[in-house]
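This report concerns only the one structure given below.
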Amino acid sequence: KASEFPAYFAIISYMVKILFLGNNTDYSDQVKTALQTAGYPLVSDQKQADLIISAAYGQKLPPGGLNLHPSLLPAYRGATPVPHQILDGVTQSGITIIKMSADFDAGPIVAQQTVEIKPDDTSLDLLQRCFKTGADLLIKILPDYLNTKITLKTQGDSPTPYCRRFTKQDGFISWQEFKKGVDDRKIRAFFPWPGVWTTLPTGKTLKLLPKNLYQLESKQPITWQQFKAGYGNLLK
């Protein structure tokens, strides 16, 4: 409710028109919903906006707006920071709010907050938690940011390689690799995209899912025990 917010917050909310840009997923929509709940008017035209805020948008935007990035920048810049963090086996991620610059994910830091990476996290799990934390952090700091009360922090060089986009082929493993065993981190990191998959000697596609589940094309997921019972002859 508007009465629950300080008076200066309500005034700023009324005055500042925001263009929110996301990827229409549940995790990025958390940020949009938080802005709406806090009373910020959202517009659909950049010409009407006083401020652009993006979360998981994935496209280059003009400098000056705010972007929520699911890592502790300057580490893990790029389009796929979450799966790369899971692949690397790190135990702590985070959300960073930056003022966008001409270079991707390199603008000055407005605010940061850590987010734990749990042992069974998939990329989807971690994205949900990072952007929930980011939505709360954004609403907390936005009044001070708009009133220029926050000192921005310049980023240094990234200690990690740039996180490129994945293609479907990145998730492919050979049948021989499958028989040797696949690192669970890869399965969790590549879920839901691009997924880890292989091709059976019969030509059928097999998806490897989190929680030790397997899915043949056009079939429901099954356990490893069920897969061995039906296809054990192919594992020899």
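Note on naming: chains are A, B, ... as they come in the structure tokens, residues start from 1 per chain, ligands start from 1 in the order shown.
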
Per residue of segment 150-177 of chain A within 8 Å of segment 58-78 of chain A, note the shortest atom pair and the distance in Å to one decimal, counting only C-alpha atoms, and order the rows by chain and increasing residue number, as a Markdown table.
```
| residue | atom | partner | partner_atom | distance |
| --- | --- | --- | --- | --- |
| A:Gln155 | CA | A:Pro74 | CA | 6.0 |
| A:Gly156 | CA | A:Pro74 | CA | 6.5 |
| A:Asp157 | CA | A:Pro74 | CA | 6.5 |
| A:Ser158 | CA | A:Pro74 | CA | 4.7 |
| A:Pro159 | CA | A:Ala75 | CA | 5.7 |
| A:Thr160 | CA | A:Ala75 | CA | 5.6 |
| A:Pro161 | CA | A:Tyr76 | CA | 6.9 |
| A:Tyr162 | CA | A:Gly78 | CA | 5.4 |
| A:Cys163 | CA | A:Gly78 | CA | 4.5 |
| A:Arg164 | CA | A:Gly78 | CA | 6.0 |
| A:Arg165 | CA | A:Gly78 | CA | 7.9 |
```

**Request:** If you run DSSP over the backbone, which residues in segment 24-189 of chain A end up strand (DSSP E)? Put them as an MDAnalysis selection string.
**Result:** chainID A and resid 51:55 66:69 92:99 109:116

Let's have the selection written as a PDB file, in the first residue's frame, with N, CA and C atoms.
```
ATOM      1  N   LEU A  51      13.641   6.596 -16.976  1.00  0.00           N
ATOM      2  CA  LEU A  51      14.686   5.646 -16.606  1.00  0.00           C
ATOM      3  C   LEU A  51      14.368   4.284 -17.218  1.00  0.00           C
ATOM      4  N   ILE A  52      15.386   3.633 -17.765  1.00  0.00           N
ATOM      5  CA  ILE A  52      15.255   2.256 -18.248  1.00  0.00           C
ATOM      6  C   ILE A  52      15.846   1.321 -17.200  1.00  0.00           C
ATOM      7  N   ILE A  53      15.107   0.269 -16.883  1.00  0.00           N
ATOM      8  CA  ILE A  53      15.600  -0.769 -15.988  1.00  0.00           C
ATOM      9  C   ILE A  53      15.449  -2.102 -16.702  1.00  0.00           C
ATOM     10  N   SER A  54      16.527  -2.881 -16.751  1.00  0.00           N
ATOM     11  CA  SER A  54      16.468  -4.163 -17.453  1.00  0.00           C
ATOM     12  C   SER A  54      16.899  -5.298 -16.531  1.00  0.00           C
ATOM     13  N   ALA A  55      16.344  -6.465 -16.801  1.00  0.00           N
ATOM     14  CA  ALA A  55      16.685  -7.686 -16.057  1.00  0.00           C
ATOM     15  C   ALA A  55      16.575  -8.854 -17.012  1.00  0.00           C
ATOM     16  N   LEU A  66      19.533   1.292 -15.650  1.00  0.00           N
ATOM     17  CA  LEU A  66      19.994   0.330 -14.666  1.00  0.00           C
ATOM     18  C   LEU A  66      19.784  -1.092 -15.183  1.00  0.00           C
ATOM     19  N   ASN A  67      20.734  -1.954 -14.881  1.00  0.00           N
ATOM     20  CA  ASN A  67      20.617  -3.355 -15.257  1.00  0.00           C
ATOM     21  C   ASN A  67      20.889  -4.232 -14.047  1.00  0.00           C
ATOM     22  N   LEU A  68      20.083  -5.290 -13.897  1.00  0.00           N
ATOM     23  CA  LEU A  68      20.285  -6.266 -12.836  1.00  0.00           C
ATOM     24  C   LEU A  68      20.976  -7.477 -13.442  1.00  0.00           C
ATOM     25  N   HIS A  69      22.164  -7.798 -12.911  1.00  0.00           N
ATOM     26  CA  HIS A  69      22.989  -8.879 -13.468  1.00  0.00           C
ATOM     27  C   HIS A  69      23.214  -9.943 -12.402  1.00  0.00           C
ATOM     28  N   GLN A  92      28.917 -19.241  -4.081  1.00  0.00           N
ATOM     29  CA  GLN A  92      28.282 -17.950  -3.832  1.00  0.00           C
ATOM     30  C   GLN A  92      28.129 -17.164  -5.115  1.00  0.00           C
ATOM     31  N   SER A  93      26.902 -16.806  -5.410  1.00  0.00           N
ATOM     32  CA  SER A  93      26.600 -15.936  -6.541  1.00  0.00           C
ATOM     33  C   SER A  93      26.156 -14.588  -5.972  1.00  0.00           C
ATOM     34  N   GLY A  94      25.364 -13.877  -6.727  1.00  0.00           N
ATOM     35  CA  GLY A  94      24.863 -12.609  -6.239  1.00  0.00           C
ATOM     36  C   GLY A  94      24.095 -11.879  -7.317  1.00  0.00           C
ATOM     37  N   ILE A  95      23.624 -10.716  -6.956  1.00  0.00           N
ATOM     38  CA  ILE A  95      22.956  -9.836  -7.920  1.00  0.00           C
ATOM     39  C   ILE A  95      23.662  -8.490  -7.856  1.00  0.00           C
ATOM     40  N   THR A  96      23.937  -7.937  -9.019  1.00  0.00           N
ATOM     41  CA  THR A  96      24.585  -6.630  -9.097  1.00  0.00           C
ATOM     42  C   THR A  96      23.710  -5.695  -9.903  1.00  0.00           C
ATOM     43  N   ILE A  97      23.455  -4.536  -9.355  1.00  0.00           N
ATOM     44  CA  ILE A  97      22.738  -3.484 -10.082  1.00  0.00           C
ATOM     45  C   ILE A  97      23.785  -2.486 -10.568  1.00  0.00           C
ATOM     46  N   ILE A  98      23.837  -2.314 -11.887  1.00  0.00           N
ATOM     47  CA  ILE A  98      24.814  -1.380 -12.452  1.00  0.00           C
ATOM     48  C   ILE A  98      24.111  -0.292 -13.250  1.00  0.00           C
ATOM     49  N   LYS A  99      24.807   0.816 -13.385  1.00  0.00           N
ATOM     50  CA  LYS A  99      24.381   1.848 -14.329  1.00  0.00           C
ATOM     51  C   LYS A  99      24.997   1.478 -15.678  1.00  0.00           C
ATOM     52  N   ILE A 109      28.969   0.131 -10.452  1.00  0.00           N
ATOM     53  CA  ILE A 109      28.079  -0.634  -9.578  1.00  0.00           C
ATOM     54  C   ILE A 109      27.292   0.301  -8.672  1.00  0.00           C
ATOM     55  N   VAL A 110      25.977   0.097  -8.681  1.00  0.00           N
ATOM     56  CA  VAL A 110      25.081   0.857  -7.807  1.00  0.00           C
ATOM     57  C   VAL A 110      24.884   0.125  -6.486  1.00  0.00           C
ATOM     58  N   ALA A 111      24.678  -1.200  -6.582  1.00  0.00           N
ATOM     59  CA  ALA A 111      24.454  -2.019  -5.378  1.00  0.00           C
ATOM     60  C   ALA A 111      24.721  -3.479  -5.708  1.00  0.00           C
ATOM     61  N   GLN A 112      25.060  -4.237  -4.668  1.00  0.00           N
ATOM     62  CA  GLN A 112      25.312  -5.675  -4.813  1.00  0.00           C
ATOM     63  C   GLN A 112      24.808  -6.411  -3.592  1.00  0.00           C
ATOM     64  N   GLN A 113      24.405  -7.665  -3.809  1.00  0.00           N
ATOM     65  CA  GLN A 113      24.039  -8.523  -2.684  1.00  0.00           C
ATOM     66  C   GLN A 113      24.360  -9.967  -3.035  1.00  0.00           C
ATOM     67  N   THR A 114      24.907 -10.702  -2.089  1.00  0.00           N
ATOM     68  CA  THR A 114      25.275 -12.088  -2.339  1.00  0.00           C
ATOM     69  C   THR A 114      24.047 -12.992  -2.325  1.00  0.00           C
ATOM     70  N   VAL A 115      24.148 -14.101  -3.056  1.00  0.00           N
ATOM     71  CA  VAL A 115      23.115 -15.132  -3.105  1.00  0.00           C
ATOM     72  C   VAL A 115      23.817 -16.483  -3.045  1.00  0.00           C
ATOM     73  N   GLU A 116      23.407 -17.329  -2.129  1.00  0.00           N
ATOM     74  CA  GLU A 116      24.010 -18.655  -1.981  1.00  0.00           C
ATOM     75  C   GLU A 116      23.671 -19.540  -3.184  1.00  0.00           C
TER      76      GLU A 116
END
```

Using only C-alpha atoms, the best pick from A:Ala102, A:Leu234, A:Ile139, A:Met15 as closest to Thr37 of chain A would be A:Ile139

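Going from atom CA of Ile18 of chain A to atom CA of Pro41 of chain A covers 6.3 Å.
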
_Selection: 8 Å around Leu206 of chain A, only C-alpha atoms, excl. self and same-chain fewer than 4 positions, as a list in words_ = Trp197, Thr198, Thr199, Leu200, Tyr214, Gln215, Leu216 and Glu217 of chain A

### Task
Just the helix (DSSP H, G or I) stuff from segment 95-169 of chain A, please, per backbone DSSP, written as a PyMOL selection string.
chain A and resi 123-146+168-169

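Distance annotation: of A:Ile187, A:Ala34, A:Ile173, A:Ala79, the residue with the minimal separation from Asp120 of chain A is A:Ile187; atom set is only C-alpha atoms.
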
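The gap separating atom CA of Leu137 of chain A from atom CA of Ile117 of chain A is 18.1 Å, in Å to one decimal.
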
Pairwise distance, atom CA of Thr151 of chain A with atom CA of Leu42 of chain A, equals 25.7 Å

Of A:Leu19, A:Leu87, A:Asn212, A:Lys153, the one sitting nearest Lys32 of chain A when using only C-alpha atoms is A:Leu19

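Between Phe227 of chain A and the residues A:Leu208, A:Ser174, A:Asp183, A:Tyr57, the shortest atom-to-atom distance, using only C-alpha atoms, involves A:Leu208.
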
### Message
List as a PyMOL selection string the protein and nucleic acid residues near Gly195 of chain A, meaning an atom at most 9 Å away when only C-alpha atoms are counted, but skip any in the same chain fewer than 3 places from it.
### Response
chain A and resi 168+170-172+186-192+207-209
